[in-house]
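Listing of my_file09.pdb, PDB, C-alpha atoms, pLDDT in the B column
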```
ATOM      1  CA  MET X   1     133.562  83.902  83.822  1.00 69.00           C
ATOM      2  CA  SER X   2     130.955  82.011  85.799  1.00 92.00           C
ATOM      3  CA  ILE X   3     127.890  83.631  87.322  1.00 95.00           C
ATOM      4  CA  THR X   4     126.959  82.901  90.931  1.00 97.00           C
ATOM      5  CA  ILE X   5     123.442  83.583  92.230  1.00 98.00           C
ATOM      6  CA  ARG X   6     122.773  83.937  95.943  1.00 98.00           C
ATOM      7  CA  GLN X   7     120.227  85.318  98.379  1.00 97.00           C
ATOM      8  CA  ALA X   8     120.842  88.931  99.310  1.00 98.00           C
ATOM      9  CA  LYS X   9     122.135  89.807 102.770  1.00 98.00           C
ATOM     10  CA  VAL X  10     121.712  93.021 104.721  1.00 98.00           C
ATOM     11  CA  GLU X  11     125.262  94.078 103.819  1.00 98.00           C
ATOM     12  CA  ASP X  12     124.249  93.962 100.136  1.00 98.00           C
ATOM     13  CA  THR X  13     121.751  96.775 100.669  1.00 98.00           C
ATOM     14  CA  PRO X  14     123.946  99.574  99.199  1.00 98.00           C
ATOM     15  CA  PHE X  15     124.196  97.656  95.914  1.00 98.00           C
ATOM     16  CA  LEU X  16     120.523  96.677  95.891  1.00 98.00           C
ATOM     17  CA  VAL X  17     119.277 100.224  96.289  1.00 98.00           C
ATOM     18  CA  GLN X  18     121.421 101.368  93.362  1.00 97.00           C
ATOM     19  CA  MET X  19     119.676  98.721  91.257  1.00 97.00           C
ATOM     20  CA  MET X  20     116.275  99.776  92.615  1.00 97.00           C
ATOM     21  CA  LEU X  21     116.878 103.409  91.715  1.00 96.00           C
ATOM     22  CA  GLN X  22     118.190 102.451  88.268  1.00 94.00           C
ATOM     23  CA  SER X  23     115.122 100.283  87.682  1.00 95.00           C
ATOM     24  CA  SER X  24     112.613 102.884  88.881  1.00 95.00           C
ATOM     25  CA  ARG X  25     113.954 105.533  86.534  1.00 93.00           C
ATOM     26  CA  ALA X  26     114.452 103.225  83.540  1.00 89.00           C
ATOM     27  CA  GLY X  27     115.516 106.016  81.228  1.00 81.00           C
ATOM     28  CA  LYS X  28     113.005 108.527  82.622  1.00 87.00           C
ATOM     29  CA  LYS X  29     113.964 111.832  84.226  1.00 83.00           C
ATOM     30  CA  VAL X  30     111.766 111.060  87.228  1.00 88.00           C
ATOM     31  CA  GLY X  31     111.060 107.719  88.857  1.00 92.00           C
ATOM     32  CA  LEU X  32     108.635 106.697  91.598  1.00 93.00           C
ATOM     33  CA  PHE X  33     111.225 107.047  94.373  1.00 94.00           C
ATOM     34  CA  ASP X  34     112.106 110.584  93.261  1.00 93.00           C
ATOM     35  CA  LEU X  35     108.475 111.527  93.853  1.00 91.00           C
ATOM     36  CA  LEU X  36     107.948 109.559  97.066  1.00 92.00           C
ATOM     37  CA  PHE X  37     111.048 111.000  98.719  1.00 92.00           C
ATOM     38  CA  GLU X  38     110.651 114.443  97.128  1.00 88.00           C
ATOM     39  CA  THR X  39     114.262 114.789  96.043  1.00 87.00           C
ATOM     40  CA  LYS X  40     116.378 114.241  92.949  1.00 81.00           C
ATOM     41  CA  ASN X  41     119.563 114.146  94.994  1.00 90.00           C
ATOM     42  CA  ASP X  42     120.901 110.640  94.462  1.00 93.00           C
ATOM     43  CA  THR X  43     122.787 110.538  97.758  1.00 95.00           C
ATOM     44  CA  GLU X  44     119.627 111.368  99.722  1.00 94.00           C
ATOM     45  CA  LEU X  45     117.561 108.944  97.663  1.00 94.00           C
ATOM     46  CA  LEU X  46     119.981 106.077  98.206  1.00 97.00           C
ATOM     47  CA  GLU X  47     120.050 106.754 101.959  1.00 96.00           C
ATOM     48  CA  LYS X  48     116.238 106.625 102.072  1.00 96.00           C
ATOM     49  CA  LEU X  49     116.153 103.484  99.952  1.00 97.00           C
ATOM     50  CA  GLN X  50     118.644 101.756 102.242  1.00 98.00           C
ATOM     51  CA  LYS X  51     116.255 102.386 105.119  1.00 98.00           C
ATOM     52  CA  LEU X  52     113.302 101.224 103.010  1.00 98.00           C
ATOM     53  CA  ALA X  53     115.099  97.966 102.197  1.00 98.00           C
ATOM     54  CA  GLN X  54     115.445  97.201 105.921  1.00 98.00           C
ATOM     55  CA  THR X  55     112.102  98.262 107.396  1.00 98.00           C
ATOM     56  CA  GLU X  56     110.168  96.122 109.848  1.00 97.00           C
ATOM     57  CA  ALA X  57     107.252  96.133 107.382  1.00 97.00           C
ATOM     58  CA  LYS X  58     108.497  93.739 104.706  1.00 97.00           C
ATOM     59  CA  SER X  59     107.422  95.432 101.477  1.00 97.00           C
ATOM     60  CA  HIS X  60     108.499  94.241  98.056  1.00 97.00           C
ATOM     61  CA  CYS X  61     111.552  96.515  98.459  1.00 98.00           C
ATOM     62  CA  HIS X  62     112.901  94.550 101.438  1.00 98.00           C
ATOM     63  CA  TYR X  63     116.383  93.135 100.894  1.00 98.00           C
ATOM     64  CA  LYS X  64     115.282  89.609 101.828  1.00 98.00           C
ATOM     65  CA  ASN X  65     113.224  89.446  98.607  1.00 98.00           C
ATOM     66  CA  PHE X  66     116.322  89.828  96.416  1.00 98.00           C
ATOM     67  CA  PHE X  67     118.759  87.570  94.648  1.00 98.00           C
ATOM     68  CA  ILE X  68     122.175  88.900  93.666  1.00 98.00           C
ATOM     69  CA  ALA X  69     124.328  87.854  90.726  1.00 97.00           C
ATOM     70  CA  GLU X  70     128.100  87.869  91.156  1.00 97.00           C
ATOM     71  CA  MET X  71     130.992  87.427  88.742  1.00 95.00           C
ATOM     72  CA  ASP X  72     134.556  87.212  90.071  1.00 91.00           C
ATOM     73  CA  ASP X  73     133.288  88.327  93.491  1.00 90.00           C
ATOM     74  CA  GLN X  74     131.730  91.471  92.001  1.00 95.00           C
ATOM     75  CA  LYS X  75     128.018  92.165  92.350  1.00 97.00           C
ATOM     76  CA  VAL X  76     126.676  92.592  88.809  1.00 97.00           C
ATOM     77  CA  GLY X  77     122.886  92.157  88.938  1.00 97.00           C
ATOM     78  CA  SER X  78     119.742  91.887  91.031  1.00 98.00           C
ATOM     79  CA  LEU X  79     116.255  90.424  90.885  1.00 98.00           C
ATOM     80  CA  CYS X  80     113.456  90.858  93.407  1.00 98.00           C
ATOM     81  CA  SER X  81     110.768  88.201  93.781  1.00 96.00           C
ATOM     82  CA  TYR X  82     107.885  88.626  96.198  1.00 96.00           C
ATOM     83  CA  GLU X  83     104.433  87.322  97.041  1.00 93.00           C
ATOM     84  CA  PRO X  84     101.800  89.997  96.269  1.00 91.00           C
ATOM     85  CA  ARG X  85      99.409  88.557  98.863  1.00 90.00           C
ATOM     86  CA  LYS X  86     102.023  89.377 101.522  1.00 93.00           C
ATOM     87  CA  ALA X  87     103.815  92.431 100.117  1.00 95.00           C
ATOM     88  CA  THR X  88     100.662  94.464  99.562  1.00 93.00           C
ATOM     89  CA  ASN X  89     100.257  98.186  98.890  1.00 91.00           C
ATOM     90  CA  GLU X  90      99.304  98.610 102.551  1.00 93.00           C
ATOM     91  CA  VAL X  91     102.593  97.034 103.653  1.00 96.00           C
ATOM     92  CA  PHE X  92     104.485  99.283 101.221  1.00 95.00           C
ATOM     93  CA  MET X  93     102.813 102.351 102.725  1.00 93.00           C
ATOM     94  CA  LYS X  94     103.747 101.215 106.243  1.00 94.00           C
ATOM     95  CA  ALA X  95     107.351 100.767 105.131  1.00 96.00           C
ATOM     96  CA  LEU X  96     107.369 104.249 103.587  1.00 95.00           C
ATOM     97  CA  GLU X  97     105.982 105.707 106.790  1.00 93.00           C
ATOM     98  CA  GLU X  98     108.785 103.987 108.722  1.00 95.00           C
ATOM     99  CA  VAL X  99     111.396 105.868 106.706  1.00 94.00           C
ATOM    100  CA  GLY X 100     109.639 109.195 107.172  1.00 89.00           C
ATOM    101  CA  CYS X 101     107.726 109.724 103.960  1.00 86.00           C
ATOM    102  CA  ARG X 102     105.225 112.561 103.997  1.00 73.00           C
ATOM    103  CA  ASP X 103     101.604 111.920 104.955  1.00 69.00           C
ATOM    104  CA  ASP X 104     100.136 112.374 101.471  1.00 72.00           C
ATOM    105  CA  ILE X 105     102.105 109.611  99.696  1.00 84.00           C
ATOM    106  CA  THR X 106      98.755 108.020  98.844  1.00 84.00           C
ATOM    107  CA  ALA X 107      98.242 110.546  96.048  1.00 83.00           C
ATOM    108  CA  THR X 108     101.576 109.631  94.470  1.00 85.00           C
ATOM    109  CA  LEU X 109     100.913 105.899  94.731  1.00 89.00           C
ATOM    110  CA  GLU X 110      97.460 106.374  93.215  1.00 89.00           C
ATOM    111  CA  VAL X 111      99.133 107.550  89.993  1.00 88.00           C
ATOM    112  CA  VAL X 112     100.723 104.114  89.674  1.00 87.00           C
ATOM    113  CA  ASN X 113      97.696 102.221  90.939  1.00 86.00           C
ATOM    114  CA  SER X 114      95.408 104.058  88.491  1.00 87.00           C
ATOM    115  CA  CYS X 115      96.792 101.752  85.801  1.00 92.00           C
ATOM    116  CA  HIS X 116      94.948  98.866  87.430  1.00 89.00           C
ATOM    117  CA  LEU X 117      96.246  95.564  86.096  1.00 94.00           C
ATOM    118  CA  ASP X 118      94.782  92.122  86.682  1.00 90.00           C
ATOM    119  CA  VAL X 119      97.653  90.873  88.854  1.00 91.00           C
ATOM    120  CA  SER X 120      97.186  87.339  90.160  1.00 91.00           C
ATOM    121  CA  ARG X 121      97.452  87.004  93.932  1.00 84.00           C
ATOM    122  CA  THR X 122      98.580  83.403  93.427  1.00 90.00           C
ATOM    123  CA  ALA X 123     101.547  84.333  91.208  1.00 95.00           C
ATOM    124  CA  LEU X 124     105.048  85.280  92.264  1.00 96.00           C
ATOM    125  CA  MET X 125     105.941  88.828  91.221  1.00 97.00           C
ATOM    126  CA  PHE X 126     109.308  89.860  89.802  1.00 97.00           C
ATOM    127  CA  ASP X 127     110.731  93.372  89.999  1.00 97.00           C
ATOM    128  CA  PHE X 128     114.014  95.309  89.925  1.00 97.00           C
ATOM    129  CA  MET X 129     115.659  92.962  87.403  1.00 95.00           C
ATOM    130  CA  GLU X 130     118.810  94.932  86.651  1.00 95.00           C
ATOM    131  CA  GLU X 131     122.432  94.437  85.670  1.00 93.00           C
ATOM    132  CA  LEU X 132     125.472  96.691  85.718  1.00 92.00           C
ATOM    133  CA  GLU X 133     126.668  98.335  82.548  1.00 85.00           C
ATOM    134  CA  GLY X 134     129.480  96.288  81.108  1.00 78.00           C
ATOM    135  CA  PHE X 135     127.781  93.004  82.005  1.00 79.00           C
ATOM    136  CA  ILE X 136     124.845  93.179  79.585  1.00 74.00           C
ATOM    137  CA  ASP X 137     124.199  90.100  77.441  1.00 73.00           C
ATOM    138  CA  VAL X 138     126.562  87.816  79.359  1.00 68.00           C
ATOM    139  CA  GLY X 139     123.710  85.824  80.908  1.00 90.00           C
ATOM    140  CA  VAL X 140     123.334  87.635  84.241  1.00 94.00           C
ATOM    141  CA  LEU X 141     119.575  88.206  84.039  1.00 93.00           C
ATOM    142  CA  LYS X 142     118.884  84.720  82.670  1.00 93.00           C
ATOM    143  CA  ALA X 143     120.805  83.172  85.574  1.00 96.00           C
ATOM    144  CA  LEU X 144     118.910  85.328  88.079  1.00 96.00           C
ATOM    145  CA  MET X 145     115.591  84.319  86.540  1.00 94.00           C
ATOM    146  CA  GLN X 146     116.439  80.605  86.524  1.00 94.00           C
ATOM    147  CA  LYS X 147     117.367  80.695  90.213  1.00 96.00           C
ATOM    148  CA  SER X 148     114.227  82.660  91.088  1.00 95.00           C
ATOM    149  CA  LEU X 149     111.975  80.250  89.190  1.00 94.00           C
ATOM    150  CA  LEU X 150     113.594  77.271  90.898  1.00 94.00           C
ATOM    151  CA  THR X 151     112.947  78.847  94.286  1.00 94.00           C
ATOM    152  CA  ALA X 152     109.379  79.681  93.223  1.00 93.00           C
ATOM    153  CA  ARG X 153     108.713  76.025  92.324  1.00 94.00           C
ATOM    154  CA  LEU X 154     109.957  74.934  95.727  1.00 93.00           C
ATOM    155  CA  LYS X 155     107.438  77.341  97.287  1.00 90.00           C
ATOM    156  CA  GLY X 156     104.633  75.799  95.227  1.00 93.00           C
ATOM    157  CA  TYR X 157     104.270  78.526  92.599  1.00 95.00           C
ATOM    158  CA  SER X 158     103.683  77.781  88.921  1.00 96.00           C
ATOM    159  CA  VAL X 159     103.082  81.320  87.599  1.00 96.00           C
ATOM    160  CA  ALA X 160     105.386  84.347  87.653  1.00 96.00           C
ATOM    161  CA  GLN X 161     104.366  87.877  86.675  1.00 97.00           C
ATOM    162  CA  THR X 162     106.027  91.249  86.236  1.00 97.00           C
ATOM    163  CA  ILE X 163     104.955  94.803  85.390  1.00 97.00           C
ATOM    164  CA  ILE X 164     106.764  97.025  82.892  1.00 96.00           C
ATOM    165  CA  GLU X 165     106.017 100.403  81.365  1.00 96.00           C
ATOM    166  CA  ILE X 166     104.436 100.696  77.937  1.00 96.00           C
ATOM    167  CA  GLY X 167     107.254 101.651  75.597  1.00 92.00           C
ATOM    168  CA  SER X 168     109.961  99.800  77.554  1.00 92.00           C
ATOM    169  CA  LEU X 169     110.889  97.808  74.468  1.00 91.00           C
ATOM    170  CA  GLU X 170     114.193  96.443  75.761  1.00 89.00           C
ATOM    171  CA  ALA X 171     112.605  95.185  78.978  1.00 91.00           C
ATOM    172  CA  GLU X 172     109.677  93.644  77.106  1.00 94.00           C
ATOM    173  CA  LEU X 173     111.986  91.902  74.641  1.00 93.00           C
ATOM    174  CA  LEU X 174     114.118  90.582  77.475  1.00 90.00           C
ATOM    175  CA  TYR X 175     111.157  89.155  79.369  1.00 94.00           C
ATOM    176  CA  GLU X 176     109.767  87.634  76.175  1.00 94.00           C
ATOM    177  CA  LYS X 177     113.097  85.873  75.623  1.00 91.00           C
ATOM    178  CA  LEU X 178     112.711  84.445  79.121  1.00 91.00           C
ATOM    179  CA  GLY X 179     109.250  83.095  78.238  1.00 93.00           C
ATOM    180  CA  PHE X 180     106.914  85.849  79.456  1.00 96.00           C
ATOM    181  CA  VAL X 181     103.890  87.002  77.444  1.00 97.00           C
ATOM    182  CA  VAL X 182     101.780  90.172  77.773  1.00 97.00           C
ATOM    183  CA  VAL X 183      98.451  89.369  79.459  1.00 97.00           C
ATOM    184  CA  ASP X 184      97.148  92.845  80.346  1.00 97.00           C
ATOM    185  CA  GLU X 185      97.849  96.448  79.377  1.00 97.00           C
ATOM    186  CA  LYS X 186      96.475  99.740  80.670  1.00 96.00           C
ATOM    187  CA  GLU X 187      97.021 103.262  79.383  1.00 96.00           C
ATOM    188  CA  CYS X 188      96.590 105.933  82.055  1.00 94.00           C
ATOM    189  CA  GLU X 189      96.592 109.687  81.532  1.00 94.00           C
ATOM    190  CA  ALA X 190      97.750 110.403  85.093  1.00 93.00           C
ATOM    191  CA  TYR X 191     100.694 108.069  84.664  1.00 94.00           C
ATOM    192  CA  LYS X 192     101.638 109.667  81.352  1.00 94.00           C
ATOM    193  CA  GLU X 193     101.495 113.163  82.858  1.00 93.00           C
ATOM    194  CA  THR X 194     103.724 112.121  85.761  1.00 92.00           C
ATOM    195  CA  PHE X 195     106.259 109.807  84.142  1.00 93.00           C
ATOM    196  CA  GLY X 196     105.972 110.477  80.418  1.00 93.00           C
ATOM    197  CA  ARG X 197     105.004 106.857  79.677  1.00 94.00           C
ATOM    198  CA  ASN X 198     101.560 105.827  78.418  1.00 96.00           C
ATOM    199  CA  GLY X 199     100.905 103.257  81.126  1.00 96.00           C
ATOM    200  CA  LEU X 200     101.789  99.743  82.216  1.00 97.00           C
ATOM    201  CA  LYS X 201     101.860  96.176  80.928  1.00 97.00           C
ATOM    202  CA  LEU X 202     101.492  92.935  82.881  1.00 98.00           C
ATOM    203  CA  LEU X 203     103.558  89.987  81.672  1.00 98.00           C
ATOM    204  CA  SER X 204     103.061  86.415  82.823  1.00 97.00           C
ATOM    205  CA  PHE X 205     104.998  83.144  82.626  1.00 96.00           C
ATOM    206  CA  THR X 206     103.706  79.674  83.497  1.00 95.00           C
ATOM    207  CA  PHE X 207     106.432  77.182  84.442  1.00 91.00           C
TER     208      PHE X 207
END
```

Would it be possible to restate this file's structure as structure tokens?
Amino acid sequence: MSITIRQAKVEDTPFLVQMMLQSSRAGKKVGLFDLLFETKNDTELLEKLQKLAQTEAKSHCHYKNFFIAEMDDQKVGSLCSYEPRKATNEVFMKALEEVGCRDDITATLEVVNSCHLDVSRTALMFDFMEELEGFIDVGVLKALMQKSLLTARLKGYSVAQTIIEIGSLEAELLYEKLGFVVVDEKECEAYKETFGRNGLKLLSFTF
């Protein structure tokens, strides 16, 4: 079965937000979106995320930042790539406000931002790299990464970065197989108290 990679369209949003929610939880009981939207009801969360993926403020969660992997006309994986100098925290907050998040979301975001990593503003960031169960280890994520790196080169980028949680061994191993190396790591008590993970790691890849 061959893998096809294409740019996401607005009609792909229902699939994308499932991947976003899966990625944000990553084996945890509570993910960032659970806290931001103050609900653990998946139906409500997915509805909010669909709105977030289509806001006027183009945060890193916007559907236009995504590639989709397909096999036999079935969507099987996703990868988000965005420019941190454009998709800033301020833009993310504007997008959250558009979908009706409460006024004090800053406190929740500060938990994540307290693990301050030395992210390069001249690198392309990767996020939400996910695949459906049943399609693991068939090359979906590698194909998504190759397409994203090709597009990044055409935009003039030579460095890609991503952030994972400390203790996410499968994710770290996967990124290392793709050529990424750990360049920064921060343990944060607030993050551990909220998500049960010690902090975050920054991985980088020069291509």

Inset, instruction - May I ask for the distance between CA of Ser114 in chain X and CA of Phe207 in chain X, given in Å to one decimal place? - result: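 These atoms are spaced 29.3 Å apart.
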
Legend entry - Residues matched by the PyMOL selection byres ((chain X and resi 187-189) around 8) as a list in words: Ser114, Cys115, Ile166, Glu185, Lys186, Ala190, Tyr191, Lys192, Glu193, Asn198, Gly199 and Leu200 of chain X

Export of the given selection (C-alpha atoms) as a compact mmCIF listing (two decimals), keeping the file's coordinate frame:
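Result file is part-v5.txt:
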```txt
# COMPACT_ATOMS: atom_id res chain seq x y z
CA SER X 114 95.41 104.06 88.49
CA CYS X 115 96.79 101.75 85.80
CA ILE X 166 104.44 100.70 77.94
CA GLU X 185 97.85 96.45 79.38
CA LYS X 186 96.48 99.74 80.67
CA ALA X 190 97.75 110.40 85.09
CA TYR X 191 100.69 108.07 84.66
CA LYS X 192 101.64 109.67 81.35
CA GLU X 193 101.50 113.16 82.86
CA ASN X 198 101.56 105.83 78.42
CA GLY X 199 100.90 103.26 81.13
CA LEU X 200 101.79 99.74 82.22
```

Inset, instruction - Could you check which of X:Ala160, X:Met20, X:Leu154, X:Val111 is closest to Ala123 in chain X, using only C-alpha atoms? - result: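 Ranking X:Ala160, X:Met20, X:Leu154, X:Val111 by distance to Ala123 in chain X, first place goes to X:Ala160.
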
Legend entry - Reference answer for the PyMOL selection byres ((chain X and resi 205) around 9), as a list in words: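 Output of the PyMOL selection byres ((chain X and resi 205) around 9): Ser158, Val159, Ala160, Gln161, Thr162, Leu178, Gly179, Phe180, Val181, Leu203, Ser204, Thr206 and Phe207 of chain X.
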
Legend entry - Nearest to Phe37 in chain X, chosen from X:Thr88, X:Thr108, X:Asn65, X:Ser59, with all atoms listed in the file counted in the distances: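 Going through X:Thr88, X:Thr108, X:Asn65, X:Ser59 one by one, the smallest distance to Phe37 in chain X is for X:Thr108.
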
Inset, instruction - Using all atoms listed in the file, determine which residues lie at most 7 Å from range 43-51 of chain X, disregarding the query and same-chain residues fewer than 4 positions distant; provide the list as a PyMOL selection string. - result: chain X and resi 13-14+17-18+37+39+55+99

Legend entry - Residue nearest Lys142 in chain X among X:Ala26, X:Ile3, X:Leu36, X:Ala95 (counting only C-alpha atoms):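 Counting only C-alpha atoms, the residue closest to Lys142 in chain X is X:Ile3.
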
Inset, instruction - Rank X:Phe135, X:Gly31, X:Ala107, X:Glu11 by their smallest atom-to-atom distance to Arg197 in chain X, using all atoms listed in the file, and report the top residue only. - result: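 Between X:Phe135, X:Gly31, X:Ala107, X:Glu11, the residue approaching Arg197 in chain X most closely is X:Gly31.
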